[in-house]
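Encoded as structure tokens, the structure appears first; notes follow it.
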Amino acid sequence: MRELLQIIFDALSLGSLYALGALGIALIFGVMRLVNFAHGDFIAFCVFAMLWPSIDAAAIVFAGQLPFYLLIPLLLLIGAALSILSEVVVFRRFRNANPATMMIASFALGFVIRHVLLMLFSSRPKSITLWPSLGLPVEVFGAHIPMLQVVTIIITLAVLVILVLFLKRTRYGLEMRAAADNFTMARMLGVRANGVILLAFAISGMLAAAIGLILATNSGTADIGMGANVMLIAFIATVIGGLGSIPGAVAAGFLIGAASVVFQATLPHDARVFRDAFVYGAVIVVLLVRPQGLFAPKSAKQRV
Amino acid sequence: MSQRPSVIRQTIITPIVLIVALLIMAALSYQFGSRAFNRTVVEMFINIMVVVGLYVFVGNSGLLSFGHISFMCLGAYMTAWLTIPPVMKSITLKGLPAWLLHAQLPMWVATPISGLFAALFALIVGRVIMRLSGIAASIATFGLLGVINNVYSNWDSVTGGQGSIVGIPPTMNVWTAWIGGAVAIAIAYLYSISRSGLALRATRDEAVAASASGIDIVRERLIAFVVSAFIIGLAGALYAHFLSIVNPGAFYLRTTFITLSMLVVGGMYSLSGAVSGVVAISVLIELFRDLEKGISLGGHTVGLPNGVQEIAIGIITIVILMYLPTGLTRNREFSWRRWPLQRRLTRPVQTALKELH
């Protein structure tokens with residue numbers, strides 16, 4: 001029972017991370033059909049924004065020293081600003097390009113961000129301690145769960161609730177859903193394209209910052225490649241969930257997180273190193289069974 | 001009434017121009033280049049093989065593939081297994097089956113076997129993956145990359161795990177690399193004018209109409225997938241001979257995206273685009289590498305700070321795509337008539353990729 005609870009919490013917290021990532025990718029994909037490969041580098045950028053640029057081994061914590069009620073809004077702002085900047089400077093010019101071109105452009109942008117970080121901070125991972133008290137375990141029904149896992153899950157659920165309220169109850173949310181469903185039609189009915197796209201980028205950037213904060217607190221290090229893995233899984237999750245479906249992306253994020261944890265726990269010891277192979281294999285199997293994704297929106301159906 | 005010239009007569013000039021251009025590059029670098037420069041040229045030729053292989057599938061089918069670098073991995077490791085002296089293998093790679101453990105083949109035999117191995121693997125997984133369409137197929141190839149990388153990084157007794165396998169005979173020079181590039185271009189050309197290549201491009205441009213005309217999309221995609229896997233398997237084998245070590249990290253995301261960028265920058269729907277994208281990006285990399293080392297201006301060495309190279313290349317890629325979204329060649333092929341670029345497509349057609357929309 002205790003082990004089961006442990007597994008459930010592991011799965012939920014890992015799934016939360018992937019779900020937040022998938023959300024950031026699905027929002028932008030929804031409004032402009034762009035798979036944003038720079039998302040992982042946005043995450044890393046937000047983490048490094050807490051440090052002062054230096055190539056020494058010891059990190060000089062700068063913004064990271066702020067109390068949390070200042071640090072969190074600041075980082076969200078940085079994430080949103082970077083994301084908006086990338087849309088204004090780069091992606092705006094690719095509105096009519098084909099998806100492959102956009103994808104490569106976003107990859108190139110991520111490449112630039114990564115190497116700017118490398119230049120400023122060098123490739124050595126740096127230790128950064130944020131809120132060490134979150135590492136302490138708490139007891140939930142007899143199982144010892146790290147506080148951070150609980151916080152991660154709560155934050156994710158809160159983000160999801162806020163986002164759902166935003167999308168369902170506000171004018172901007174309505175515009176965004178309309179744009180995700182049929183962009184041309186939405187524009188004809190008076191939705192401001194630039195506004196909606198900027199908003200999607202801003203939210204996506206904030207989600208990247210949130211993931212960065214969670215990752216940094218969890219691992220205690222800032223590493224240039226730290227966002228890449230989350231980005232990849234998130235990308236896969238958006239496809240498995242059904243491209244264009246935001247709830248689908250979240251659900252698939254949780255599903256992949258759960259699958260990783262369950263494989264880790266149940267595979268025989270020798271096969272455990274091949275866990276990722278099993279996860280990717282499962283992804284292929286899911287695609288074969290439901291090529292349009294698990295929760296494909298009706299609008300995604302191909303018309304002849 | 002005169003007969004229309006055959007497809008070969010109309011288009012044969014493209015591979016010839018490309019192969020001769022590469023031959024001139026090889027000769028110049030052999031004659032005048034330093035050792036380090038020659039290595040750069042060899043690496044460029046190997047990249048040309050990979051990107052041409054990618055073009056065979058991506059260019060003709062219109063589907064993006066993230067998984068082709070795994071064929072490079074398969075080819076490189078197969079070559080390592082076949083060519084490393086048995087004495088060394090029996091220490092580092094104990095888990096190999098006996099016949100592989102005792103084999104030591106020359107490069108000329110091992111390389112085609114590696115290509116065939118990759119092609120065979122592609123035939124098996126392709127039968128499953130090619131049933132998917134659009135972005136689902138792209139993600140499935142991504143999954144393939146993940147599976148292969150994970151297995152090769154962790155199957156210690158057969159692949160040496162995360163570490164490198166050493167001891168592959170370093171037999172590459174610009175001429176062998178040129179032969180590799182020429183073979184890749186020739187295969188890609190022959191495929192693209194074959195019945196299957198024409199049929200596949202028809203499905204790319206108008207999937208529904210092609211299917212209504214009796215084209216079996218899954219079958220044609222599978223053929224292209226296998227052919228491209230063969231070419232990339234060869235490239236992987238030559239890459240192993242070039243570095244004389246292999247490790248799984250070399251065949252993962254970075255290589256995947258760099259080669260895809262080269263293809264898209266050049267023009268993803270043309271063979272000339274595939275080759276010129278690699279040449280353009282390689283020249284840029286070399287240029288900035290030199291600038292980082294510094295150029296002497298009146299006794300002073302002025303150099304760019306380290307790391308500018310990658311940043312500049314990223315920015316230049318974005319700018320090229322911004323102004324030439326269909327790549328440097330605009331998806332046209334090199335040809336004599338209306339030199340240098342003959343219009344092949346009236347406008348870039350992207351139907352299969354529209355499945356993303």
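Every chain in the structure tokens has a letter given in the order shown (A, B, ...), and although residue numbers restart at 1 in each chain, ligands are simply numbered from 1 in the order shown.
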
- So which bits of segment 64-205 of chain A end up strand (DSSP E or B) when you DSSP the backbone, as a VMD selection string? chain A and resid 126 to 127 137 to 140 143 to 146

Define the interface residues of chain B facing chain A as those within 7 Å, counting only C-alpha atoms, and report them as an mmCIF file with C-alpha atoms, in the first residue's frame.
```cif
data_model
loop_
_atom_site.group_PDB
_atom_site.id
_atom_site.type_symbol
_atom_site.label_atom_id
_atom_site.label_comp_id
_atom_site.auth_asym_id
_atom_site.auth_seq_id
_atom_site.Cartn_x
_atom_site.Cartn_y
_atom_site.Cartn_z
ATOM 1 C CA LEU B 132 0.542 6.081 -40.126
ATOM 2 C CA ALA B 136 1.680 10.663 -36.372
ATOM 3 C CA ILE B 139 6.310 11.164 -34.063
ATOM 4 C CA ALA B 140 6.512 7.417 -34.548
ATOM 5 C CA GLY B 143 9.886 7.075 -31.042
ATOM 6 C CA GLY B 146 14.364 7.090 -28.845
ATOM 7 C CA VAL B 147 14.162 3.283 -28.762
ATOM 8 C CA ASN B 150 18.152 3.868 -25.507
ATOM 9 C CA VAL B 151 18.984 0.305 -26.499
ATOM 10 C CA ASN B 154 22.489 0.589 -22.437
ATOM 11 C CA SER B 261 18.158 21.961 -40.847
ATOM 12 C CA VAL B 264 15.335 22.494 -45.099
ATOM 13 C CA GLY B 307 30.588 30.205 -29.050
ATOM 14 C CA GLU B 310 26.850 28.353 -33.176
ATOM 15 C CA ILE B 311 24.892 31.507 -32.429
ATOM 16 C CA GLY B 314 21.447 29.581 -35.786
ATOM 17 C CA ILE B 315 20.665 33.176 -36.681
ATOM 18 C CA THR B 317 19.520 29.634 -40.601
ATOM 19 C CA ILE B 318 16.538 31.599 -39.299
ATOM 20 C CA LEU B 321 14.291 30.479 -43.850
ATOM 21 C CA MET B 322 12.620 33.849 -43.290
ATOM 22 C CA PRO B 325 11.078 29.547 -46.879
ATOM 23 C CA HIS B 357 -2.849 21.720 -40.445
#
```

- Which is closest to Ala280 of chain B among B:Thr329, B:Thr203, B:Ser133, B:Asn149, if we use only C-alpha atoms? B:Thr329

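Distance check against Asp156 of chain B using only C-alpha atoms: of A:Phe68, A:Met50, A:Asp270, A:Leu85, the minimum falls on A:Asp270.
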
- Any idea what's packed within 12 Å of Leu71 of chain A, counting only C-alpha atoms, ignoring anything in its chain fewer than 2 positions away? Could you give it as an NGL selection string? :A and (46-47 or 49-50 or 62-69 or 73-78 or 130-131 or 209-210 or 213)

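Atom CA of Ser192 of chain B sits 16.5 Å away from atom CA of Asp216 of chain B.
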